[in-house]
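J.: Enclosed is the structure file entry.cif (mmCIF, C-alpha atoms).
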data_structure
loop_
_atom_site.label_atom_id
_atom_site.label_comp_id
_atom_site.auth_asym_id
_atom_site.auth_seq_id
_atom_site.Cartn_x
_atom_site.Cartn_y
_atom_site.Cartn_z
CA MET F 21 10.42 -8.72 -21.88
CA ALA F 22 7.05 -7.63 -20.53
CA THR F 23 3.98 -6.05 -22.02
CA LEU F 24 3.22 -2.45 -21.19
CA GLN F 25 0.12 -3.48 -19.24
CA GLN F 26 2.06 -6.03 -17.19
CA LEU F 27 4.54 -3.35 -16.19
CA LEU F 28 1.80 -0.84 -15.33
CA ASP F 29 0.05 -3.47 -13.22
CA PHE F 30 3.32 -4.24 -11.44
CA PHE F 31 3.99 -0.62 -10.45
CA GLU F 32 0.36 -0.11 -9.47
CA TYR F 33 0.55 -3.20 -7.28
CA LEU F 34 3.61 -1.83 -5.46
CA PHE F 35 2.43 1.77 -5.09
CA PRO F 36 -1.33 2.10 -5.69
CA SER F 37 -2.20 5.37 -7.36
CA HIS F 38 -5.24 5.92 -5.12
CA PHE F 39 -2.80 6.74 -2.30
CA ALA F 40 -1.86 9.94 -4.14
CA LEU F 41 -3.40 13.25 -3.12
CA PRO F 42 -6.63 14.10 -4.98
CA ASP F 43 -5.11 16.97 -6.99
CA ASP F 44 -1.97 15.04 -7.97
CA ARG F 45 -1.04 13.99 -11.52
CA THR F 46 -0.03 10.43 -10.71
CA GLY F 47 -0.39 7.83 -13.46
CA LEU F 48 0.46 7.01 -17.07
CA GLN F 49 1.21 10.37 -18.65
CA ILE F 50 2.46 9.21 -22.03
CA LYS F 51 1.27 5.93 -23.53
CA GLY F 52 3.66 4.84 -26.24
CA ASP F 53 3.09 2.16 -28.84
CA ARG F 54 5.92 -0.11 -27.67
CA ASN F 55 3.87 -2.93 -26.23
CA GLN F 56 6.92 -5.11 -25.56
CA ILE F 57 9.11 -3.47 -22.92
CA SER F 58 12.73 -4.51 -22.46
CA ARG F 59 14.46 -1.43 -20.92
CA VAL F 60 13.12 0.65 -18.02
CA LEU F 61 14.74 3.87 -16.80
CA ALA F 62 13.88 5.44 -13.43
CA ALA F 63 14.60 9.13 -12.87
CA LEU F 64 13.48 11.85 -10.50
CA GLU F 65 12.09 13.96 -13.34
CA LEU F 66 12.14 14.55 -17.06
CA ASN F 67 14.93 16.98 -17.94
CA GLN F 68 17.24 17.41 -20.89
CA GLU F 69 19.81 14.95 -19.53
CA VAL F 70 17.26 12.22 -18.82
CA PHE F 71 15.64 12.83 -22.21
CA LEU F 72 18.93 12.38 -24.09
CA LYS F 73 19.83 9.27 -22.09
CA THR F 74 16.43 7.79 -22.87
CA LEU F 75 16.96 8.17 -26.60
CA LYS F 76 20.64 7.17 -26.62
CA HIS F 77 20.14 3.98 -24.60
CA GLN F 78 16.91 2.90 -26.32
CA ILE F 79 14.72 3.08 -23.24
CA ASP F 80 11.15 1.81 -23.72
CA PHE F 81 9.62 2.96 -20.43
CA LEU F 82 10.32 5.93 -18.14
CA TYR F 83 9.41 5.72 -14.45
CA LEU F 84 9.45 9.19 -12.86
CA HIS F 85 8.71 10.71 -9.46
CA HIS F 86 7.87 14.21 -10.69
CA PRO F 87 5.02 14.17 -13.25
CA PRO F 88 6.24 15.88 -16.43
CA ILE F 89 2.70 16.93 -17.41
CA TRP F 90 1.17 19.00 -14.63
CA ASN F 91 -0.70 22.03 -15.98
CA PRO F 92 -3.44 21.78 -18.63
CA LEU F 93 -2.17 21.97 -22.22
CA PHE F 94 -3.57 24.74 -24.41
CA THR F 95 -0.94 24.85 -27.15
CA LEU F 96 1.84 22.69 -28.56
CA THR F 97 4.77 24.65 -29.89
CA ASN F 98 8.20 23.74 -31.14
CA ASP F 99 9.58 26.84 -29.41
CA ASP F 100 9.03 25.18 -26.02
CA PRO F 101 11.89 22.77 -25.10
CA TRP F 102 9.64 20.84 -22.71
CA CYS F 103 7.04 20.45 -25.44
CA ARG F 104 9.67 19.16 -27.87
CA MET F 105 10.81 16.52 -25.35
CA THR F 106 7.37 15.19 -24.47
CA THR F 107 6.11 15.09 -28.05
CA GLN F 108 9.25 13.32 -29.24
CA LEU F 109 8.90 10.71 -26.50
CA PHE F 110 5.36 10.12 -27.71
CA HIS F 111 6.40 9.83 -31.36
CA GLU F 112 9.22 7.46 -30.39
CA GLY F 113 6.63 5.21 -28.72
CA ILE F 114 8.13 5.61 -25.22
CA SER F 115 5.73 5.37 -22.28
CA VAL F 116 6.05 7.57 -19.18
CA LEU F 117 4.62 6.64 -15.78
CA ALA F 118 4.75 9.09 -12.87
CA HIS F 119 4.28 8.10 -9.22
CA HIS F 120 4.31 11.27 -7.18
CA THR F 121 2.61 11.74 -3.80
CA ASN F 122 1.74 8.04 -3.58
CA LEU F 123 5.51 7.46 -3.26
CA ASP F 124 5.59 10.07 -0.48
CA ILE F 125 2.54 8.74 1.37
CA TYR F 126 2.84 4.98 1.00
CA PRO F 127 4.75 2.94 3.64
CA GLY F 128 8.29 2.23 2.46
CA GLY F 129 8.25 5.26 0.16
CA ILE F 130 10.72 8.12 -0.12
CA ALA F 131 10.08 9.50 3.40
CA ASP F 132 10.84 6.12 4.93
CA GLN F 133 13.98 5.86 2.81
CA TRP F 134 15.18 9.07 4.46
CA ILE F 135 14.78 7.45 7.87
CA THR F 136 17.03 4.64 6.67
CA ILE F 137 19.56 7.09 5.23
CA LEU F 138 19.70 9.04 8.50
CA GLN F 139 19.97 5.79 10.52
CA LEU F 140 17.17 6.92 12.84
CA GLN F 141 15.58 4.45 15.21
CA GLY F 142 12.44 5.07 17.22
CA LYS F 143 8.67 5.36 17.01
CA VAL F 144 7.64 6.59 13.57
CA LYS F 145 4.36 8.13 12.43
CA PRO F 146 3.22 10.30 9.50
CA LEU F 147 3.66 14.02 9.89
CA SER F 148 0.37 14.48 8.03
CA PRO F 149 -1.60 11.19 8.17
CA LYS F 150 -3.60 10.18 5.13
CA THR F 151 -7.29 10.25 5.96
CA SER F 152 -9.32 7.80 3.94
CA THR F 153 -12.28 5.52 4.41
CA HIS F 154 -11.53 1.84 4.19
CA PHE F 155 -14.06 -0.76 3.18
CA LYS F 156 -14.60 -4.44 3.80
CA ILE F 157 -16.05 -6.86 1.25
CA ILE F 158 -17.46 -10.21 2.38
CA THR F 159 -18.73 -13.21 0.48
CA TYR F 160 -19.48 -16.87 1.18
CA VAL F 161 -17.88 -19.53 -1.01
CA PRO F 162 -17.97 -23.35 -1.29
CA PRO F 163 -14.57 -24.69 -0.14
CA ASP F 164 -13.58 -25.91 -3.62
CA TYR F 165 -13.97 -22.39 -5.02
CA LEU F 166 -12.31 -20.46 -2.18
CA GLU F 167 -8.92 -20.04 -3.85
CA THR F 168 -10.40 -18.97 -7.19
CA VAL F 169 -12.67 -16.33 -5.68
CA ALA F 170 -10.02 -15.10 -3.22
CA GLN F 171 -7.45 -14.59 -5.98
CA ALA F 172 -10.01 -12.68 -8.06
CA ILE F 173 -10.55 -10.34 -5.10
CA PHE F 174 -6.82 -9.87 -4.49
CA GLN F 175 -6.04 -9.30 -8.17
CA ASN F 176 -8.57 -6.49 -8.30
CA GLY F 177 -6.91 -4.36 -5.63
CA ALA F 178 -8.30 -5.61 -2.31
CA GLY F 179 -6.42 -7.24 0.54
CA VAL F 180 -3.60 -4.66 0.87
CA ILE F 181 -2.63 -3.69 4.43
CA GLY F 182 0.53 -1.61 4.62
CA GLN F 183 3.34 -3.64 3.10
CA TYR F 184 1.32 -6.88 3.07
CA ARG F 185 -0.69 -8.30 0.17
CA SER F 186 -3.41 -10.98 -0.14
CA CYS F 187 -4.71 -10.25 3.38
CA SER F 188 -8.03 -11.84 4.34
CA PHE F 189 -9.91 -13.51 7.15
CA GLN F 190 -11.66 -16.82 6.51
CA ILE F 191 -13.99 -18.87 8.68
CA GLU F 192 -16.01 -21.99 8.00
CA GLY F 193 -19.77 -22.12 8.53
CA VAL F 194 -23.05 -23.50 7.21
CA GLY F 195 -25.21 -21.73 4.66
CA THR F 196 -28.91 -22.50 4.14
CA PHE F 197 -31.17 -21.81 1.18
CA LEU F 198 -34.35 -23.02 -0.48
CA PRO F 199 -34.31 -22.83 -4.30
CA ILE F 200 -37.75 -21.85 -5.66
CA GLU F 201 -39.29 -22.16 -9.11
CA GLY F 202 -37.05 -20.55 -11.75
CA ALA F 203 -33.82 -20.95 -9.77
CA GLN F 204 -30.80 -22.71 -11.24
CA PRO F 205 -28.97 -23.84 -8.08
CA PHE F 206 -25.33 -24.88 -8.26
CA ILE F 207 -26.00 -27.15 -5.28
CA GLY F 208 -29.34 -28.77 -4.42
CA LYS F 209 -32.76 -29.00 -6.04
CA VAL F 210 -35.69 -26.67 -6.52
CA GLY F 211 -38.14 -27.03 -3.64
CA SER F 212 -35.65 -28.70 -1.29
CA ILE F 213 -33.93 -26.79 1.53
CA GLU F 214 -30.15 -27.14 1.58
CA ASN F 215 -27.51 -26.94 4.32
CA VAL F 216 -24.04 -26.55 2.78
CA LYS F 217 -20.54 -25.96 4.06
CA GLU F 218 -19.27 -22.49 3.06
CA ILE F 219 -16.23 -20.34 3.78
CA ARG F 220 -16.81 -16.73 4.78
CA ILE F 221 -14.01 -14.57 3.35
CA GLU F 222 -13.47 -10.97 4.48
CA VAL F 223 -11.13 -8.61 2.65
CA THR F 224 -10.45 -4.88 3.14
CA PHE F 225 -9.75 -2.26 0.48
CA SER F 226 -9.30 1.53 0.51
CA ASP F 227 -10.51 2.82 -2.85
CA SER F 228 -14.24 3.21 -3.42
CA LYS F 229 -13.62 3.08 -7.16
CA LEU F 230 -12.83 -0.63 -6.76
CA ILE F 231 -16.33 -1.55 -5.57
CA LYS F 232 -17.85 -2.33 -8.97
CA GLN F 233 -14.91 -4.32 -10.28
CA LEU F 234 -14.67 -6.34 -7.05
CA ILE F 235 -18.36 -7.22 -7.29
CA ASP F 236 -17.88 -8.19 -10.95
CA ALA F 237 -14.81 -10.28 -10.07
CA ILE F 238 -16.73 -12.22 -7.42
CA LYS F 239 -19.74 -12.80 -9.64
CA THR F 240 -17.51 -14.00 -12.48
CA THR F 241 -15.67 -16.59 -10.38
CA HIS F 242 -18.35 -17.58 -7.84
CA PRO F 243 -20.32 -20.74 -8.73
CA TYR F 244 -23.62 -19.56 -7.18
CA GLN F 245 -26.35 -17.98 -9.29
CA ASN F 246 -26.78 -15.17 -6.73
CA PRO F 247 -23.73 -14.98 -4.43
CA VAL F 248 -24.10 -12.94 -1.25
CA ILE F 249 -21.76 -9.92 -1.33
CA ASP F 250 -21.63 -7.51 1.62
CA ILE F 251 -19.69 -4.22 1.47
CA TYR F 252 -19.50 -1.68 4.27
CA PRO F 253 -17.25 1.24 5.29
CA LEU F 254 -14.85 0.95 8.21
CA TYR F 255 -14.04 3.54 10.84
CA PRO F 256 -10.82 5.30 9.75
CA HIS F 257 -7.71 4.73 11.84
CA ASN F 258 -4.00 5.42 11.54
CA SER F 259 -2.48 2.13 12.65
CA VAL F 260 -0.71 1.90 9.29
CA LEU F 261 2.12 4.27 8.43
CA GLU F 262 0.46 6.21 5.62
CA GLY F 263 0.82 9.96 5.09
CA LEU F 264 3.11 12.80 4.12
CA GLY F 265 6.38 13.29 5.98
CA ARG F 266 7.47 11.45 9.09
CA VAL F 267 7.95 12.22 12.79
CA ILE F 268 10.42 10.04 14.68
CA THR F 269 10.55 9.94 18.46
CA LEU F 270 14.00 8.48 18.98
CA ASN F 271 14.69 5.48 21.20
CA LYS F 272 17.75 7.29 22.53
CA PRO F 273 18.64 11.00 22.45
CA LEU F 274 20.88 11.88 19.50
CA LYS F 275 23.73 14.36 19.72
CA TRP F 276 23.93 17.05 17.07
CA ASN F 277 27.35 15.95 15.90
CA ASN F 278 26.03 12.43 15.27
CA LEU F 279 23.14 13.82 13.22
CA ILE F 280 25.60 15.85 11.16
CA GLN F 281 27.45 12.68 10.23
CA CYS F 282 24.19 10.98 9.25
CA LEU F 283 23.27 13.95 7.05
CA LYS F 284 26.26 13.53 4.74
CA PRO F 285 24.47 11.46 2.06
CA LEU F 286 21.66 14.04 1.82
CA LEU F 287 23.59 17.30 2.07
CA LYS F 288 26.99 16.74 0.46
CA LYS F 289 28.71 20.13 0.02
CA GLU F 290 26.05 22.08 1.96
CA LEU F 291 26.87 20.21 5.17
CA SER F 292 29.77 22.48 6.14
CA LEU F 293 27.50 25.56 5.96
CA LEU F 294 25.11 24.44 8.69
CA ARG F 295 25.15 26.19 12.03
CA TRP F 296 22.83 25.51 14.97
CA ARG F 297 22.00 27.37 18.13
CA ASN F 298 23.07 25.70 21.39
CA SER F 299 24.12 22.61 19.46
CA ASP F 300 26.93 21.82 21.87
CA HIS F 301 24.53 21.48 24.81
CA GLN F 302 21.39 20.05 23.24
CA SER F 303 20.46 16.53 22.24
CA LEU F 304 17.69 15.56 19.86
CA GLN F 305 14.69 13.49 20.95
CA LYS F 306 12.19 14.12 18.15
CA ILE F 307 12.86 14.73 14.44
CA ALA F 308 10.40 15.70 11.71
CA LEU F 309 11.22 15.33 8.02
CA CYS F 310 9.64 15.75 4.62
CA PRO F 311 11.50 15.00 1.37
CA GLY F 312 11.05 17.64 -1.30
CA SER F 313 9.07 20.76 -0.48
CA GLY F 314 8.04 20.93 3.17
CA GLY F 315 6.37 24.32 3.52
CA SER F 316 2.82 22.98 3.29
CA LEU F 317 3.36 20.87 6.42
CA LEU F 318 4.60 23.71 8.61
CA GLU F 319 1.50 23.78 10.85
CA LYS F 320 1.79 20.03 11.39
CA VAL F 321 5.45 20.44 12.33
CA ILE F 322 4.68 23.14 14.88
CA LEU F 323 1.98 20.98 16.48
CA GLU F 324 4.43 18.07 16.83
CA LYS F 325 7.09 20.30 18.46
CA PRO F 326 10.15 18.42 17.15
CA ASP F 327 13.69 19.52 17.89
CA VAL F 328 14.48 19.82 14.19
CA TYR F 329 12.70 19.81 10.84
CA ILE F 330 14.56 18.38 7.84
CA SER F 331 13.10 19.35 4.47
CA GLY F 332 13.49 21.68 1.49
CA ASP F 333 12.11 24.82 -0.16
CA LEU F 334 11.12 26.74 2.97
CA ASN F 335 11.11 30.51 2.50
CA HIS F 336 12.48 33.13 4.87
CA HIS F 337 9.23 33.69 6.75
CA GLU F 338 8.60 29.97 7.22
CA ILE F 339 12.09 29.49 8.64
CA GLU F 340 11.62 32.44 11.00
CA THR F 341 8.31 30.94 12.15
CA LEU F 342 10.07 27.70 13.10
CA LYS F 343 12.63 29.70 15.08
CA LEU F 344 9.83 31.29 17.11
CA TYR F 345 8.86 27.80 18.24
CA SER F 346 12.52 26.83 18.90
CA ILE F 347 12.50 24.30 16.04
CA GLU F 348 15.73 24.06 14.09
CA TYR F 349 15.54 23.79 10.31
CA ILE F 350 17.93 21.77 8.15
CA PRO F 351 17.49 22.56 4.46
CA VAL F 352 17.94 19.67 2.02
CA PRO F 353 17.95 20.61 -1.69
CA HIS F 354 14.66 19.42 -3.19
CA GLY F 355 16.15 17.52 -6.13
CA ASP F 356 19.15 16.00 -4.36
CA GLY F 357 17.19 14.75 -1.37
CA GLU F 358 14.34 13.22 -3.34
CA ARG F 359 16.65 11.72 -5.95
CA LEU F 360 18.63 9.84 -3.31
CA GLY F 361 15.47 8.58 -1.60
CA PHE F 362 13.97 7.59 -4.96
CA LYS F 363 17.16 5.76 -5.92
CA MET F 364 17.13 3.72 -2.71
CA LEU F 365 13.47 2.93 -3.25
CA PHE F 366 14.13 1.90 -6.85
CA ASN F 367 16.99 -0.41 -5.84
CA THR F 368 14.57 -2.29 -3.56
CA LEU F 369 11.86 -2.24 -6.19
CA LYS F 370 14.31 -3.57 -8.78
CA LYS F 371 14.89 -6.79 -6.82
CA THR F 372 11.16 -7.50 -6.80
CA ALA F 373 10.85 -6.51 -10.46
CA LEU F 374 13.57 -8.92 -11.60
CA ASN F 375 11.79 -11.78 -9.85
CA ASN F 376 8.74 -11.03 -11.99
CA PHE F 377 10.51 -9.91 -15.17
CA PRO F 378 13.99 -11.51 -15.20
CA GLU F 379 14.71 -10.48 -18.81
CA LEU F 380 13.96 -6.77 -18.29
CA MET F 381 16.71 -4.23 -17.73
CA PHE F 382 15.96 -1.79 -14.88
CA LEU F 383 18.25 1.25 -14.75
CA PHE F 384 18.54 4.42 -12.64
CA GLU F 385 19.40 7.74 -14.24
CA ASP F 386 22.92 7.96 -12.78
CA GLU F 387 23.84 4.54 -14.25
CA LEU F 388 23.81 5.85 -17.84
CA ASP F 389 26.18 8.22 -19.57
CA LEU F 390 25.50 10.78 -22.23
#
Just give me the structure as structure tokens.
T.:
Amino acid sequence: MATLQQLLDFFEYLFPSHFALPDDRTGLQIKGDRNQISRVLAALELNQEVFLKTLKHQIDFLYLHHPPIWNPLFTLTNDDPWCRMTTQLFHEGISVLAHHTNLDIYPGGIADQWITILQLQGKVKPLSPKTSTHFKIITYVPPDYLETVAQAIFQNGAGVIGQYRSCSFQIEGVGTFLPIEGAQPFIGKVGSIENVKEIRIEVTFSDSKLIKQLIDAIKTTHPYQNPVIDIYPLYPHNSVLEGLGRVITLNKPLKWNNLIQCLKPLLKKELSLLRWRNSDHQSLQKIALCPGSGGSLLEKVILEKPDVYISGDLNHHEIETLKLYSIEYIPVPHGDGERLGFKMLFNTLKKTALNNFPELMFLFEDELDL
């Protein structure tokens, strides 16, 4: 079993919520009173089927991609089926966590799962890169306290670079100081100048909201009365694969018929309905994709000039616009495409979760019956 907070910390560690778009509803949407969690169910969204499975199989914690609570609540009524589901989950003590655009933006998320599904190989970049200011925090620590202070920094959200954790740079040097009257030095004496060996530790982070807690974490674990703490912003860059959608410039041109075969897991019965212009004579060199609804990225797609755009929910006029730029469009049903990508992501996540919580049961929505 795990406590609710341990589980929330685990998911936040894997997919930090600050990667979500500013107007998203990512986070804990229902906080139940079951503090000891033994059964976790992952599902694309809260619907009647998922709701009934949750109750039948005694689920303690729901992990969703689509946030069930999106618009502001003005009334609660028993006439509304959605309202009945959410309020019953609350009264049953079941917690609901939603990770939405942070799963789309973060490296290894749903968009990258599509690349794996389609067996695409080449140079990958975000279709719409995430623009954010990164920061660097620096402090100077006696060698015996390096590990303690470093872990405090890492545990408070710093040191994450792409799919790597606990990232830092450390260098040894000499610090000097002269304690004056009223000081309580950890090393040395008042009135006597000191030269001490120190380790400079540098760690990056990408959420300005972490600044205060990182400073507090250092001050709590650092032995000095007044530790030096430097924080400064870094010039933004896109060396890390963070952003909405993906653009893949293939290592080798791909024939249309080969792409059709790769599309089978995503399209199922819709595959036979697809028809392309000049498909017998054209090979693909660049592919753009966006799981879910891809209309908002249309301008980005046109600028990239891919051979094909794979996404869902485009309307007639958006499709016609792509045709004007000779970009083919392959529609993938919003729910089916995201559910498959989310399932693949969850299967990977589950392996990590069981290493941390071996007694927990992690289930995906299609593993349970009604």
J.: Padding 3 Å on each side, edges along x, y and z: where is the centre of the box around the listed atoms of segment 172-191 of chain F, and how long are its edges in Å to one decimal? Output it as AutoDock Vina command-line options.
T.:
--center_x -5.3 --center_y -10.2 --center_z 0.2 --size_x 23.3 --size_y 23.3 --size_z 23.0
J.: Using Å and a single decimal, report how far atom CA of Leu198 of chain F sits from atom CA of Tyr165 of chain F.
T.: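 Separation between atom CA of Tyr165 of chain F and atom CA of Leu198 of chain F: 20.9 Å.
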J.: Which residues are close to segment 147-157 of chain F, i.e. within 7 Å by all atoms listed in the file, leaving aside same-chain residues fewer than 4 positions away? Reply as a VMD selection string.
T.: chain F and resid 222 to 226 249 to 256 262 to 267 320
J.: In Å, with one decimal, what is the gap from atom CA of Val161 of chain F to atom CA of Asp29 of chain F?
T.: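 Distance reported for this atom pair: 27.0 Å.
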J.: Nearest residue to Pro311 of chain F out of F:Ser331, F:Gln204, F:Ser58, F:Asn246, using all atoms listed in the file?
T.: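 Looking at the shortest contact to Pro311 of chain F, the residue is F:Ser331.
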J.: So what do you get for atom CA of Gln139 of chain F versus atom CA of Leu342 of chain F, distance-wise?
T.: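 Distance between the two atoms: 24.2 Å.
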J.: Name all residues at most 7 Å from segment 218-220 of chain F (count all atoms listed in the file; drop same-chain ones fewer than 4 positions away) and give them as a JSON list (two decimals) with C-alpha atoms, in the frame of the given file.
T.:
[["chain", "number", "residue", "atom", "x", "y", "z"],
["F", 158, "ILE", "CA", -17.46, -10.21, 2.38],
["F", 159, "THR", "CA", -18.73, -13.21, 0.48],
["F", 160, "TYR", "CA", -19.48, -16.87, 1.18],
["F", 161, "VAL", "CA", -17.88, -19.53, -1.01],
["F", 162, "PRO", "CA", -17.97, -23.35, -1.29],
["F", 163, "PRO", "CA", -14.57, -24.69, -0.14],
["F", 190, "GLN", "CA", -11.66, -16.82, 6.51],
["F", 191, "ILE", "CA", -13.99, -18.87, 8.68],
["F", 192, "GLU", "CA", -16.01, -21.99, 8.00],
["F", 193, "GLY", "CA", -19.77, -22.12, 8.53],
["F", 194, "VAL", "CA", -23.05, -23.50, 7.21],
["F", 195, "GLY", "CA", -25.21, -21.73, 4.66]]
J.: Which is closer to Asp227 of chain F than all the others in F:Met21, F:Lys363, F:Leu96, F:Ala40, using all atoms listed in the file?
T.: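 Nearest to Asp227 of chain F: F:Ala40.
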J.: Under the rule that only C-alpha atoms are counted, which of F:Met381, F:Leu138, F:Leu344, F:Met364 is the nearest residue to Ala308 of chain F?
T.: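 Of F:Met381, F:Leu138, F:Leu344, F:Met364, the one nearest Ala308 of chain F, counting only C-alpha atoms, is F:Leu138.
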J.: Would you please work out which residue, of F:Ala237, F:Val248, F:Val70, F:Ile330, is nearest to Pro351 of chain F when using all atoms listed in the file?
T.: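 Of F:Ala237, F:Val248, F:Val70, F:Ile330, the one nearest Pro351 of chain F is F:Ile330, counting all atoms listed in the file.
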J.: Assuming the chain letters and numbering stay as they are in my file, what does the PyMOL selection byres ((chain F and resi 83) around 7) actually select? List them as a PyMOL selection string.
T.: chain F and resi 61-63+81-82+84+116-118
